[in-house]
>>> print(open('protein_21.pdb').read())   # PDB, C-alpha atoms
MODEL        1
ATOM      1  CA  MET U   1      99.458 -80.963 228.713
ATOM      2  CA  ALA U   2      97.958 -81.140 232.217
ATOM      3  CA  THR U   3      94.572 -82.790 232.775
ATOM      4  CA  ILE U   4      91.897 -82.210 235.386
ATOM      5  CA  ARG U   5      93.147 -85.348 237.182
ATOM      6  CA  ASP U   6      96.664 -83.858 237.346
ATOM      7  CA  VAL U   7      95.254 -80.728 238.963
ATOM      8  CA  ALA U   8      93.250 -82.814 241.436
ATOM      9  CA  LYS U   9      96.320 -84.863 242.426
ATOM     10  CA  HIS U  10      98.486 -81.734 242.779
ATOM     11  CA  ALA U  11      95.885 -80.057 245.019
ATOM     12  CA  GLY U  12      95.108 -83.220 246.995
ATOM     13  CA  VAL U  13      91.394 -83.220 246.103
ATOM     14  CA  SER U  14      89.048 -85.167 243.846
ATOM     15  CA  ALA U  15      88.531 -84.415 240.163
ATOM     16  CA  ALA U  16      84.893 -83.648 240.967
ATOM     17  CA  THR U  17      85.974 -80.880 243.347
ATOM     18  CA  VAL U  18      88.256 -79.374 240.676
ATOM     19  CA  SER U  19      85.351 -79.512 238.239
ATOM     20  CA  ARG U  20      83.125 -77.586 240.668
ATOM     21  CA  VAL U  21      85.729 -74.814 240.888
ATOM     22  CA  ILE U  22      86.298 -74.630 237.138
ATOM     23  CA  ASN U  23      82.579 -74.565 236.323
ATOM     24  CA  ASP U  24      81.597 -72.524 239.411
ATOM     25  CA  THR U  25      78.984 -75.091 240.439
ATOM     26  CA  GLY U  26      78.395 -76.209 244.013
ATOM     27  CA  TYR U  27      80.118 -75.289 247.282
ATOM     28  CA  VAL U  28      83.895 -75.498 247.686
ATOM     29  CA  HIS U  29      85.654 -74.284 250.846
ATOM     30  CA  ASP U  30      87.759 -71.147 250.292
ATOM     31  CA  ASP U  31      91.009 -72.847 251.340
ATOM     32  CA  THR U  32      90.354 -75.733 248.965
ATOM     33  CA  ARG U  33      89.451 -73.340 246.165
ATOM     34  CA  ARG U  34      92.758 -71.493 246.640
ATOM     35  CA  LYS U  35      94.699 -74.774 246.498
ATOM     36  CA  ILE U  36      92.982 -75.731 243.265
ATOM     37  CA  GLU U  37      93.504 -72.296 241.695
ATOM     38  CA  SER U  38      97.174 -72.452 242.671
ATOM     39  CA  ALA U  39      97.508 -75.925 241.121
ATOM     40  CA  ILE U  40      95.868 -74.726 237.910
ATOM     41  CA  LYS U  41      98.380 -71.884 237.610
ATOM     42  CA  GLU U  42     101.404 -74.037 238.484
ATOM     43  CA  LEU U  43     100.450 -76.751 235.986
ATOM     44  CA  HIS U  44      99.310 -74.244 233.320
ATOM     45  CA  TYR U  45      96.045 -76.145 233.060
ATOM     46  CA  THR U  46      93.556 -74.928 230.438
ATOM     47  CA  PRO U  47      89.989 -76.258 230.677
ATOM     48  CA  ASN U  48      88.522 -77.823 227.535
ATOM     49  CA  GLU U  49      86.109 -75.158 226.318
ATOM     50  CA  VAL U  50      83.920 -77.625 224.414
ATOM     51  CA  ALA U  51      83.625 -79.991 227.359
ATOM     52  CA  ARG U  52      82.820 -77.103 229.696
ATOM     53  CA  SER U  53      80.125 -75.818 227.380
ATOM     54  CA  LEU U  54      78.483 -79.234 227.147
ATOM     55  CA  TYR U  55      78.610 -79.676 230.935
ATOM     56  CA  LYS U  56      77.218 -76.235 231.709
ATOM     57  CA  ARG U  57      74.851 -76.153 228.724
ATOM     58  CA  LYS U  58      76.224 -72.704 228.006
ATOM     59  CA  SER U  59      78.875 -72.358 225.318
ATOM     60  CA  ARG U  60      81.199 -69.427 224.721
ATOM     61  CA  LEU U  61      82.307 -70.746 221.343
ATOM     62  CA  ILE U  62      81.748 -68.933 218.045
ATOM     63  CA  GLY U  63      82.223 -70.409 214.574
ATOM     64  CA  PHE U  64      84.032 -68.097 212.130
ATOM     65  CA  LEU U  65      84.318 -69.014 208.456
ATOM     66  CA  LEU U  66      86.342 -67.158 205.799
ATOM     67  CA  PRO U  67      86.593 -67.929 202.065
ATOM     68  CA  ASP U  68      90.313 -67.395 201.409
ATOM     69  CA  ILE U  69      92.841 -66.809 204.171
ATOM     70  CA  THR U  70      95.567 -66.085 201.591
ATOM     71  CA  ASN U  71      93.798 -62.824 200.716
ATOM     72  CA  PRO U  72      95.233 -60.222 203.151
ATOM     73  CA  PHE U  73      91.842 -58.494 203.406
ATOM     74  CA  PHE U  74      90.346 -61.363 205.395
ATOM     75  CA  PRO U  75      92.913 -61.512 208.229
ATOM     76  CA  GLU U  76      92.106 -57.845 208.881
ATOM     77  CA  LEU U  77      88.437 -58.783 209.221
ATOM     78  CA  ALA U  78      89.423 -61.691 211.472
ATOM     79  CA  ARG U  79      91.493 -59.460 213.756
ATOM     80  CA  GLY U  80      88.487 -57.238 214.373
ATOM     81  CA  VAL U  81      86.231 -60.231 215.088
ATOM     82  CA  GLU U  82      88.744 -61.849 217.437
ATOM     83  CA  ASP U  83      89.497 -58.681 219.420
ATOM     84  CA  LYS U  84      85.817 -57.969 220.059
ATOM     85  CA  MET U  85      85.069 -61.591 220.977
ATOM     86  CA  GLN U  86      88.061 -61.779 223.348
ATOM     87  CA  GLU U  87      86.885 -58.628 225.104
ATOM     88  CA  ASN U  88      83.558 -60.384 225.746
ATOM     89  CA  ASP U  89      85.052 -63.744 226.826
ATOM     90  CA  PHE U  90      84.083 -65.667 223.676
ATOM     91  CA  ARG U  91      86.408 -68.074 221.885
ATOM     92  CA  ILE U  92      86.575 -68.741 218.157
ATOM     93  CA  ILE U  93      86.684 -71.916 216.085
ATOM     94  CA  PHE U  94      88.051 -70.888 212.684
ATOM     95  CA  GLY U  95      87.551 -72.371 209.241
ATOM     96  CA  ASN U  96      88.882 -71.511 205.762
ATOM     97  CA  SER U  97      86.594 -72.723 202.961
ATOM     98  CA  ASP U  98      88.804 -71.947 199.929
ATOM     99  CA  GLU U  99      85.571 -70.787 198.235
ATOM    100  CA  ASP U 100      84.500 -74.464 198.154
ATOM    101  CA  ILE U 101      80.845 -75.069 199.093
ATOM    102  CA  MET U 102      81.474 -78.674 200.162
ATOM    103  CA  LYS U 103      84.308 -77.624 202.463
ATOM    104  CA  GLU U 104      82.054 -74.867 203.774
ATOM    105  CA  LYS U 105      79.313 -77.372 204.656
ATOM    106  CA  GLU U 106      81.835 -79.577 206.464
ATOM    107  CA  TYR U 107      83.007 -76.649 208.573
ATOM    108  CA  ILE U 108      79.450 -75.667 209.478
ATOM    109  CA  GLN U 109      78.815 -79.256 210.565
ATOM    110  CA  THR U 110      82.009 -79.147 212.658
ATOM    111  CA  PHE U 111      80.888 -75.887 214.283
ATOM    112  CA  VAL U 112      77.541 -77.409 215.237
ATOM    113  CA  GLN U 113      79.174 -80.580 216.577
ATOM    114  CA  ASN U 114      81.390 -78.411 218.780
ATOM    115  CA  ASN U 115      78.393 -76.645 220.292
ATOM    116  CA  VAL U 116      79.006 -73.134 218.926
ATOM    117  CA  VAL U 117      76.324 -70.632 219.871
ATOM    118  CA  GLY U 118      76.618 -68.478 216.753
ATOM    119  CA  VAL U 119      78.411 -68.143 213.430
ATOM    120  CA  ILE U 120      80.096 -65.265 211.582
ATOM    121  CA  VAL U 121      80.621 -66.114 207.932
ATOM    122  CA  SER U 122      82.071 -64.512 204.826
ATOM    123  CA  THR U 123      80.833 -66.804 202.082
ATOM    124  CA  ASN U 124      80.478 -66.852 198.308
ATOM    125  CA  HIS U 125      77.257 -68.832 198.837
ATOM    126  CA  PRO U 126      75.097 -66.724 201.185
ATOM    127  CA  ASP U 127      71.884 -68.257 199.771
ATOM    128  CA  ALA U 128      72.946 -71.809 200.658
ATOM    129  CA  ASP U 129      70.431 -73.871 202.652
ATOM    130  CA  ILE U 130      73.033 -74.616 205.323
ATOM    131  CA  TYR U 131      72.629 -71.076 206.666
ATOM    132  CA  ARG U 132      68.837 -70.985 206.453
ATOM    133  CA  LYS U 133      68.583 -74.252 208.396
ATOM    134  CA  LEU U 134      70.925 -73.297 211.241
ATOM    135  CA  LYS U 135      69.116 -72.893 214.567
ATOM    136  CA  ILE U 136      71.706 -70.462 215.926
ATOM    137  CA  PRO U 137      72.325 -66.813 214.998
ATOM    138  CA  VAL U 138      74.323 -66.156 211.815
ATOM    139  CA  VAL U 139      75.966 -62.849 210.883
ATOM    140  CA  PHE U 140      77.220 -62.381 207.326
ATOM    141  CA  LEU U 141      80.466 -60.402 207.100
ATOM    142  CA  ASP U 142      81.481 -58.552 203.918
ATOM    143  CA  ARG U 143      78.376 -60.221 202.480
ATOM    144  CA  THR U 144      74.627 -59.608 202.700
ATOM    145  CA  VAL U 145      71.506 -61.517 201.690
ATOM    146  CA  ASP U 146      67.725 -61.255 202.148
ATOM    147  CA  ASN U 147      67.831 -58.661 204.928
ATOM    148  CA  ARG U 148      69.526 -61.118 207.290
ATOM    149  CA  PRO U 149      72.012 -59.838 209.927
ATOM    150  CA  SER U 150      75.065 -58.588 208.051
ATOM    151  CA  VAL U 151      77.970 -56.143 208.053
ATOM    152  CA  PHE U 152      79.402 -54.907 204.767
ATOM    153  CA  ALA U 153      80.885 -51.825 203.128
ATOM    154  CA  ASP U 154      79.096 -49.483 200.737
ATOM    155  CA  GLY U 155      80.222 -51.124 197.512
ATOM    156  CA  HIS U 156      77.900 -49.089 195.301
ATOM    157  CA  GLU U 157      79.400 -45.815 196.507
ATOM    158  CA  GLY U 158      82.879 -47.321 196.192
ATOM    159  CA  GLY U 159      82.260 -48.216 192.558
ATOM    160  CA  LYS U 160      80.952 -44.727 191.858
ATOM    161  CA  ILE U 161      84.026 -43.126 193.456
ATOM    162  CA  ALA U 162      86.375 -45.361 191.437
ATOM    163  CA  ALA U 163      84.685 -44.451 188.149
ATOM    164  CA  ARG U 164      84.527 -40.726 188.926
ATOM    165  CA  GLU U 165      88.217 -40.619 189.839
ATOM    166  CA  MET U 166      89.150 -42.568 186.695
ATOM    167  CA  ILE U 167      87.203 -40.135 184.493
ATOM    168  CA  ALA U 168      88.615 -37.083 186.298
ATOM    169  CA  ARG U 169      92.125 -38.316 185.545
ATOM    170  CA  GLY U 170      91.552 -38.641 181.812
ATOM    171  CA  SER U 171      90.915 -42.347 181.036
ATOM    172  CA  LYS U 172      88.755 -42.782 177.901
ATOM    173  CA  ARG U 173      88.704 -46.572 177.303
ATOM    174  CA  ILE U 174      87.936 -48.052 180.698
ATOM    175  CA  THR U 175      87.668 -51.735 181.606
ATOM    176  CA  VAL U 176      85.581 -52.741 184.634
ATOM    177  CA  MET U 177      86.394 -56.076 186.270
ATOM    178  CA  GLN U 178      83.123 -57.468 187.620
ATOM    179  CA  GLY U 179      83.376 -59.575 190.797
ATOM    180  CA  PRO U 180      81.583 -62.867 191.549
ATOM    181  CA  ALA U 181      77.904 -62.790 190.615
ATOM    182  CA  SER U 182      76.831 -64.458 193.886
ATOM    183  CA  ILE U 183      78.350 -61.756 196.101
ATOM    184  CA  ARG U 184      76.111 -58.724 196.408
ATOM    185  CA  PRO U 185      78.803 -56.238 197.589
ATOM    186  CA  ALA U 186      80.869 -57.193 194.508
ATOM    187  CA  GLN U 187      77.893 -56.538 192.254
ATOM    188  CA  ASP U 188      77.203 -53.276 194.069
ATOM    189  CA  ARG U 189      80.752 -52.116 193.221
ATOM    190  CA  TYR U 190      80.251 -53.044 189.591
ATOM    191  CA  GLN U 191      76.851 -51.384 189.371
ATOM    192  CA  GLY U 192      78.112 -48.190 191.005
ATOM    193  CA  ALA U 193      80.977 -47.957 188.502
ATOM    194  CA  ILE U 194      78.896 -48.540 185.385
ATOM    195  CA  ASP U 195      76.175 -46.151 186.612
ATOM    196  CA  VAL U 196      78.749 -43.347 186.602
ATOM    197  CA  LEU U 197      80.333 -44.455 183.297
ATOM    198  CA  ASN U 198      76.934 -44.576 181.611
ATOM    199  CA  SER U 199      75.933 -41.179 182.994
ATOM    200  CA  HIS U 200      79.119 -39.735 181.445
ATOM    201  CA  ARG U 201      78.538 -41.638 178.169
ATOM    202  CA  MET U 202      81.943 -43.268 178.553
ATOM    203  CA  ASP U 203      83.244 -46.105 176.403
ATOM    204  CA  TYR U 204      83.915 -49.128 178.637
ATOM    205  CA  ASN U 205      84.376 -52.903 178.565
ATOM    206  CA  VAL U 206      83.683 -55.601 181.159
ATOM    207  CA  ILE U 207      85.727 -58.598 182.301
ATOM    208  CA  ARG U 208      83.613 -61.001 184.383
ATOM    209  CA  THR U 209      85.400 -62.859 187.184
ATOM    210  CA  THR U 210      84.190 -65.658 189.452
ATOM    211  CA  SER U 211      86.293 -65.220 192.611
ATOM    212  CA  PHE U 212      88.637 -62.854 194.443
ATOM    213  CA  SER U 213      91.470 -65.386 194.740
ATOM    214  CA  PHE U 214      95.197 -65.116 194.014
ATOM    215  CA  THR U 215      95.105 -68.270 191.886
ATOM    216  CA  GLU U 216      92.677 -66.855 189.321
ATOM    217  CA  ALA U 217      93.753 -63.199 189.267
ATOM    218  CA  GLY U 218      96.721 -63.651 186.910
ATOM    219  CA  LYS U 219      94.568 -65.421 184.343
ATOM    220  CA  TRP U 220      92.032 -62.587 184.277
ATOM    221  CA  ALA U 221      94.789 -59.961 183.994
ATOM    222  CA  LYS U 222      96.175 -61.711 180.898
ATOM    223  CA  GLU U 223      92.675 -62.059 179.433
ATOM    224  CA  LEU U 224      92.017 -58.351 179.972
ATOM    225  CA  PHE U 225      95.019 -57.139 177.962
ATOM    226  CA  GLU U 226      94.512 -59.779 175.253
ATOM    227  CA  ARG U 227      90.906 -58.702 174.709
ATOM    228  CA  TYR U 228      91.341 -54.965 175.289
ATOM    229  CA  PRO U 229      95.004 -54.068 174.593
ATOM    230  CA  ASP U 230      94.229 -50.363 174.212
ATOM    231  CA  THR U 231      92.405 -49.976 177.536
ATOM    232  CA  ASP U 232      93.734 -46.967 179.439
ATOM    233  CA  GLY U 233      91.883 -47.333 182.735
ATOM    234  CA  ILE U 234      91.069 -50.425 184.816
ATOM    235  CA  ILE U 235      88.641 -50.624 187.731
ATOM    236  CA  ALA U 236      89.576 -53.910 189.416
ATOM    237  CA  SER U 237      87.189 -55.992 191.536
ATOM    238  CA  ASN U 238      89.615 -55.997 194.488
ATOM    239  CA  ASP U 239      93.256 -55.282 195.350
ATOM    240  CA  ILE U 240      94.430 -58.829 194.617
ATOM    241  CA  VAL U 241      93.079 -58.615 191.073
ATOM    242  CA  ALA U 242      94.443 -55.064 190.737
ATOM    243  CA  THR U 243      97.897 -56.330 191.779
ATOM    244  CA  ALA U 244      97.782 -59.005 189.067
ATOM    245  CA  VAL U 245      96.711 -56.381 186.510
ATOM    246  CA  LEU U 246      99.562 -54.100 187.552
ATOM    247  CA  HIS U 247     102.050 -56.958 187.215
ATOM    248  CA  GLU U 248     100.769 -57.862 183.749
ATOM    249  CA  ALA U 249     100.757 -54.228 182.570
ATOM    250  CA  LEU U 250     104.385 -53.789 183.609
ATOM    251  CA  ARG U 251     105.317 -57.125 182.019
ATOM    252  CA  LEU U 252     103.851 -55.862 178.735
ATOM    253  CA  GLY U 253     105.986 -52.725 178.946
ATOM    254  CA  LYS U 254     103.144 -50.337 179.761
ATOM    255  CA  ASN U 255     103.792 -47.300 181.888
ATOM    256  CA  VAL U 256     101.525 -47.050 184.924
ATOM    257  CA  PRO U 257      99.860 -44.589 185.240
ATOM    258  CA  ASP U 258     100.767 -42.769 181.988
ATOM    259  CA  ASP U 259      99.622 -45.539 179.595
ATOM    260  CA  VAL U 260      97.073 -47.213 181.846
ATOM    261  CA  GLN U 261      95.577 -46.252 185.201
ATOM    262  CA  ILE U 262      94.562 -48.882 187.775
ATOM    263  CA  ILE U 263      92.381 -48.697 190.869
ATOM    264  CA  GLY U 264      91.680 -51.536 193.320
ATOM    265  CA  PHE U 265      89.210 -52.124 196.122
ATOM    266  CA  ASP U 266      89.892 -53.050 199.799
ATOM    267  CA  ASP U 267      93.201 -51.283 200.658
ATOM    268  CA  ILE U 268      95.016 -54.383 201.901
ATOM    269  CA  PRO U 269      98.449 -53.762 203.515
ATOM    270  CA  LEU U 270     100.238 -54.986 200.362
ATOM    271  CA  SER U 271      98.740 -52.160 198.290
ATOM    272  CA  SER U 272     100.986 -49.459 199.729
ATOM    273  CA  LEU U 273     104.115 -51.609 199.237
ATOM    274  CA  LEU U 274     103.744 -52.160 195.482
ATOM    275  CA  THR U 275     105.782 -50.203 192.949
ATOM    276  CA  PRO U 276     104.004 -48.094 191.916
ATOM    277  CA  ALA U 277     101.825 -48.099 195.040
ATOM    278  CA  LEU U 278      98.219 -49.038 194.338
ATOM    279  CA  THR U 279      95.455 -46.444 194.326
ATOM    280  CA  THR U 280      92.356 -48.068 195.809
ATOM    281  CA  ILE U 281      89.002 -47.784 197.544
ATOM    282  CA  ARG U 282      89.432 -48.489 201.249
ATOM    283  CA  GLN U 283      87.055 -50.745 203.154
ATOM    284  CA  PRO U 284      87.334 -50.430 206.974
ATOM    285  CA  ALA U 285      88.070 -54.159 207.394
ATOM    286  CA  TYR U 286      89.026 -54.165 211.074
ATOM    287  CA  ASP U 287      86.005 -52.072 212.051
ATOM    288  CA  MET U 288      83.751 -54.329 209.982
ATOM    289  CA  GLY U 289      85.056 -57.357 211.865
ATOM    290  CA  ARG U 290      84.420 -55.741 215.244
ATOM    291  CA  ALA U 291      80.945 -54.637 214.180
ATOM    292  CA  SER U 292      80.012 -58.171 213.093
ATOM    293  CA  ALA U 293      81.166 -59.595 216.439
ATOM    294  CA  ASP U 294      79.237 -56.930 218.328
ATOM    295  CA  LEU U 295      76.104 -57.673 216.290
ATOM    296  CA  LEU U 296      76.355 -61.414 216.980
ATOM    297  CA  ILE U 297      76.842 -60.812 220.716
ATOM    298  CA  GLN U 298      73.716 -58.646 220.767
ATOM    299  CA  LEU U 299      71.748 -61.398 219.016
ATOM    300  CA  LEU U 300      73.046 -64.010 221.485
ATOM    301  CA  GLU U 301      72.075 -61.867 224.455
ATOM    302  CA  ASN U 302      68.533 -61.592 223.074
ATOM    303  CA  GLU U 303      68.770 -57.847 222.940
ATOM    304  CA  ASN U 304      66.260 -55.916 220.902
ATOM    305  CA  VAL U 305      68.599 -55.229 217.979
ATOM    306  CA  ASP U 306      67.373 -52.231 216.004
ATOM    307  CA  GLN U 307      70.069 -52.340 213.322
ATOM    308  CA  LYS U 308      70.734 -55.859 212.015
ATOM    309  CA  ILE U 309      72.088 -54.658 208.663
ATOM    310  CA  ILE U 310      75.173 -52.465 209.005
ATOM    311  CA  GLN U 311      76.636 -50.740 205.951
ATOM    312  CA  MET U 312      79.974 -49.026 206.529
ATOM    313  CA  PRO U 313      81.488 -46.167 204.498
ATOM    314  CA  VAL U 314      84.357 -46.441 202.011
ATOM    315  CA  THR U 315      87.021 -43.877 201.122
ATOM    316  CA  PHE U 316      89.317 -43.093 198.196
ATOM    317  CA  THR U 317      93.012 -43.804 198.873
ATOM    318  CA  GLU U 318      95.187 -41.998 196.315
ATOM    319  CA  ARG U 319      98.624 -43.452 195.594
ATOM    320  CA  GLU U 320     100.633 -43.895 192.372
ATOM    321  CA  THR U 321      98.702 -46.065 189.880
ATOM    322  CA  MET U 322      96.517 -43.123 188.885
ATOM    323  CA  ARG U 323      97.571 -39.696 187.650
ATOM    324  CA  LYS U 324      96.919 -36.509 189.552
ATOM    325  CA  VAL U 325      93.808 -34.655 188.450
ATOM    326  CA  GLY U 326      94.811 -32.293 185.628
ATOM    327  CA  GLN U 327      97.995 -34.181 184.668
ATOM    328  CA  HIS U 328      96.480 -35.857 181.586
ATOM    329  CA  GLY U 329      96.755 -34.188 178.255
TER     330      GLY U 329
ENDMDL
END
>>> encode(input="protein_21.pdb", output="structure tokens")
Amino acid sequence: MATIRDVAKHAGVSAATVSRVINDTGYVHDDTRRKIESAIKELHYTPNEVARSLYKRKSRLIGFLLPDITNPFFPELARGVEDKMQENDFRIIFGNSDEDIMKEKEYIQTFVQNNVVGVIVSTNHPDADIYRKLKIPVVFLDRTVDNRPSVFADGHEGGKIAAREMIARGSKRITVMQGPASIRPAQDRYQGAIDVLNSHRMDYNVIRTTSFSFTEAGKWAKELFERYPDTDGIIASNDIVATAVLHEALRLGKNVPDDVQIIGFDDIPLSSLLTPALTTIRQPAYDMGRASADLLIQLLENENVDQKIIQMPVTFTERETMRKVGQHG
């Protein structure tokens, strides 16, 4: 990998002159500038973004922290964040916390040490002191807490839609899988679902879960059918959990959707590839990612931001794990 000294030698100038061109500081003759720019291209030299930010006292680095990169929902969020940041000449330092608060703290410390100017975070611990103590802007993504800047989907409406569709398709003994207690959008989904079930005086059970991860989903699916073997409708906390439930139902010899109906939440790419394909509530993940990046940029540019809390709509995506309305007996 070429260094600034390699560029200087190739162009026949000093490293200090190359630095002035890279950082656009001080006078450099046009002919000299062209030589240096040509050397940079020929050597494929890439300036160290951290070093440049420290030198210029103006960073273009953003810290971006996700809880579980194995969940396909989060890369969709990340794509939206990255595209918007690239369009505005920001660069991203990425971290994956594995839903571990200690790992999360280490990443935040790394972000600060690398001179990031802002952070976008999807965390299971939005109340943690590490975020309250940061002296740079923080935007919560797919999370929200205490009226701080955040972008998230309308989980309450999503839960209501899931319950209404389940009732309309004939399920009588419904199980609701409640997401992590610390994540408000997860609790909003749960509350929306049970509000509708209660208003219809429906019989339902609850399975409480503590994360959205692949590693735990299979365990909760087994627990669900052991505790409630006659359940005929399942509102899962997300698509990963719904996939595990579908797998367990088929393993037990149940027909989906005739014996048991299943609905997820997120609409990850995997959902349409399952057999049967998963009916779900779609969150606009890519758009949420872009919106969070746009919000952070506005905060960094000291704009008068009128809307710091952005709630995005959800939609019902009908596939094959629920019956058509009117098909039940």
>>> resolve_selection(input="protein_21.pdb", expression="the PyMOL selection byres ((chain U and resi 253-262) around 7)", output="ChimeraX atom specification")
/U:231-235,242,249-252,263-264,321-323
>>> write_last_selection(input="protein_21.pdb", atoms="C-alpha atoms", output="PDB file, in the frame of the given file")
ATOM      1  CA  THR U 231      92.405 -49.976 177.536  1.00  0.00           C
ATOM      2  CA  ASP U 232      93.734 -46.967 179.439  1.00  0.00           C
ATOM      3  CA  GLY U 233      91.883 -47.333 182.735  1.00  0.00           C
ATOM      4  CA  ILE U 234      91.069 -50.425 184.816  1.00  0.00           C
ATOM      5  CA  ILE U 235      88.641 -50.624 187.731  1.00  0.00           C
ATOM      6  CA  ALA U 242      94.443 -55.064 190.737  1.00  0.00           C
ATOM      7  CA  ALA U 249     100.757 -54.228 182.570  1.00  0.00           C
ATOM      8  CA  LEU U 250     104.385 -53.789 183.609  1.00  0.00           C
ATOM      9  CA  ARG U 251     105.317 -57.125 182.019  1.00  0.00           C
ATOM     10  CA  LEU U 252     103.851 -55.862 178.735  1.00  0.00           C
ATOM     11  CA  ILE U 263      92.381 -48.697 190.869  1.00  0.00           C
ATOM     12  CA  GLY U 264      91.680 -51.536 193.320  1.00  0.00           C
ATOM     13  CA  THR U 321      98.702 -46.065 189.880  1.00  0.00           C
ATOM     14  CA  MET U 322      96.517 -43.123 188.885  1.00  0.00           C
ATOM     15  CA  ARG U 323      97.571 -39.696 187.650  1.00  0.00           C
TER      16      ARG U 323
END
>>> resolve_selection(input="protein_21.pdb", expression="the PyMOL selection byres ((chain U and resi 275) around 10)", output="ChimeraX atom specification")
/U:246-247,256,271-274,276-278,320-321
>>> residues_around(input="protein_21.pdb", residues="Val18 of chain U", least_positions_apart="5", cutoff="10 Å", atoms="all atoms listed in the file", output="PDB file with C-alpha atoms, keeping the file's coordinate frame")
ATOM      1  CA  ILE U   4      91.897 -82.210 235.386  1.00  0.00           C
ATOM      2  CA  ARG U   5      93.147 -85.348 237.182  1.00  0.00           C
ATOM      3  CA  VAL U   7      95.254 -80.728 238.963  1.00  0.00           C
ATOM      4  CA  ALA U   8      93.250 -82.814 241.436  1.00  0.00           C
ATOM      5  CA  LYS U   9      96.320 -84.863 242.426  1.00  0.00           C
ATOM      6  CA  ALA U  11      95.885 -80.057 245.019  1.00  0.00           C
ATOM      7  CA  VAL U  13      91.394 -83.220 246.103  1.00  0.00           C
ATOM      8  CA  ASN U  23      82.579 -74.565 236.323  1.00  0.00           C
ATOM      9  CA  ASP U  24      81.597 -72.524 239.411  1.00  0.00           C
ATOM     10  CA  VAL U  28      83.895 -75.498 247.686  1.00  0.00           C
ATOM     11  CA  THR U  32      90.354 -75.733 248.965  1.00  0.00           C
ATOM     12  CA  ARG U  33      89.451 -73.340 246.165  1.00  0.00           C
ATOM     13  CA  LYS U  35      94.699 -74.774 246.498  1.00  0.00           C
ATOM     14  CA  ILE U  36      92.982 -75.731 243.265  1.00  0.00           C
ATOM     15  CA  GLU U  37      93.504 -72.296 241.695  1.00  0.00           C
ATOM     16  CA  ALA U  39      97.508 -75.925 241.121  1.00  0.00           C
ATOM     17  CA  ILE U  40      95.868 -74.726 237.910  1.00  0.00           C
TER      18      ILE U  40
END
>>> atom_distance(input="protein_21.pdb", atom1="atom CA of Ala193 of chain U", atom2="atom CA of Asp154 of chain U")
12.5 Å
>>> atom_distance(input="protein_21.pdb", atom1="atom CA of Arg184 of chain U", atom2="atom CA of Arg169 of chain U")
28.1 Å
>>> residues_around(input="protein_21.pdb", residues="Pro75 of chain U", least_positions_apart="5", cutoff="10 Å", atoms="only C-alpha atoms", output="number ranges by chain")
U: 66, 68-70, 80-81, 268, 285-286, 289
>>> write_last_selection(input="protein_21.pdb", atoms="C-alpha atoms", output="short mmCIF file (atom, residue, chain, number, x, y, z; two decimals), in the coordinates of the input")
data_model
loop_
_atom_site.label_atom_id
_atom_site.label_comp_id
_atom_site.auth_asym_id
_atom_site.auth_seq_id
_atom_site.Cartn_x
_atom_site.Cartn_y
_atom_site.Cartn_z
CA LEU U 66 86.34 -67.16 205.80
CA ASP U 68 90.31 -67.40 201.41
CA ILE U 69 92.84 -66.81 204.17
CA THR U 70 95.57 -66.08 201.59
CA GLY U 80 88.49 -57.24 214.37
CA VAL U 81 86.23 -60.23 215.09
CA ILE U 268 95.02 -54.38 201.90
CA ALA U 285 88.07 -54.16 207.39
CA TYR U 286 89.03 -54.16 211.07
CA GLY U 289 85.06 -57.36 211.86
#
>>> closest_residue(input="protein_21.pdb", among="U:Phe225, U:Phe111, U:Phe316, U:Phe214", to="Phe265 of chain U", atoms="all atoms listed in the file")
U:Phe316
>>> build_atoms(input="protein_21.pdb", residues="segment 142-148 of chain U", atoms="N, CA, C and O atoms", output="mmCIF file, in the coordinates of the input")
data_model
loop_
_atom_site.group_PDB
_atom_site.id
_atom_site.type_symbol
_atom_site.label_atom_id
_atom_site.label_comp_id
_atom_site.auth_asym_id
_atom_site.auth_seq_id
_atom_site.Cartn_x
_atom_site.Cartn_y
_atom_site.Cartn_z
ATOM 1 N N ASP U 142 81.068 -58.916 205.274
ATOM 2 C CA ASP U 142 81.481 -58.552 203.918
ATOM 3 C C ASP U 142 80.563 -59.209 202.887
ATOM 4 O O ASP U 142 80.937 -59.378 201.732
ATOM 5 N N ARG U 143 79.406 -59.607 203.316
ATOM 6 C CA ARG U 143 78.376 -60.221 202.480
ATOM 7 C C ARG U 143 77.026 -59.789 203.029
ATOM 8 O O ARG U 143 76.900 -59.423 204.192
ATOM 9 N N THR U 144 75.974 -59.880 202.209
ATOM 10 C CA THR U 144 74.627 -59.608 202.700
ATOM 11 C C THR U 144 73.636 -60.343 201.818
ATOM 12 O O THR U 144 73.875 -60.549 200.627
ATOM 13 N N VAL U 145 72.513 -60.761 202.430
ATOM 14 C CA VAL U 145 71.506 -61.517 201.690
ATOM 15 C C VAL U 145 70.169 -61.441 202.414
ATOM 16 O O VAL U 145 70.081 -61.598 203.628
ATOM 17 N N ASP U 146 69.112 -61.154 201.659
ATOM 18 C CA ASP U 146 67.725 -61.255 202.148
ATOM 19 C C ASP U 146 67.470 -60.568 203.485
ATOM 20 O O ASP U 146 66.733 -61.094 204.326
ATOM 21 N N ASN U 147 68.071 -59.414 203.695
ATOM 22 C CA ASN U 147 67.831 -58.661 204.928
ATOM 23 C C ASN U 147 68.168 -59.430 206.195
ATOM 24 O O ASN U 147 67.625 -59.156 207.266
ATOM 25 N N ARG U 148 69.075 -60.401 206.108
ATOM 26 C CA ARG U 148 69.526 -61.118 207.290
ATOM 27 C C ARG U 148 70.672 -60.347 207.947
ATOM 28 O O ARG U 148 71.296 -59.497 207.302
#
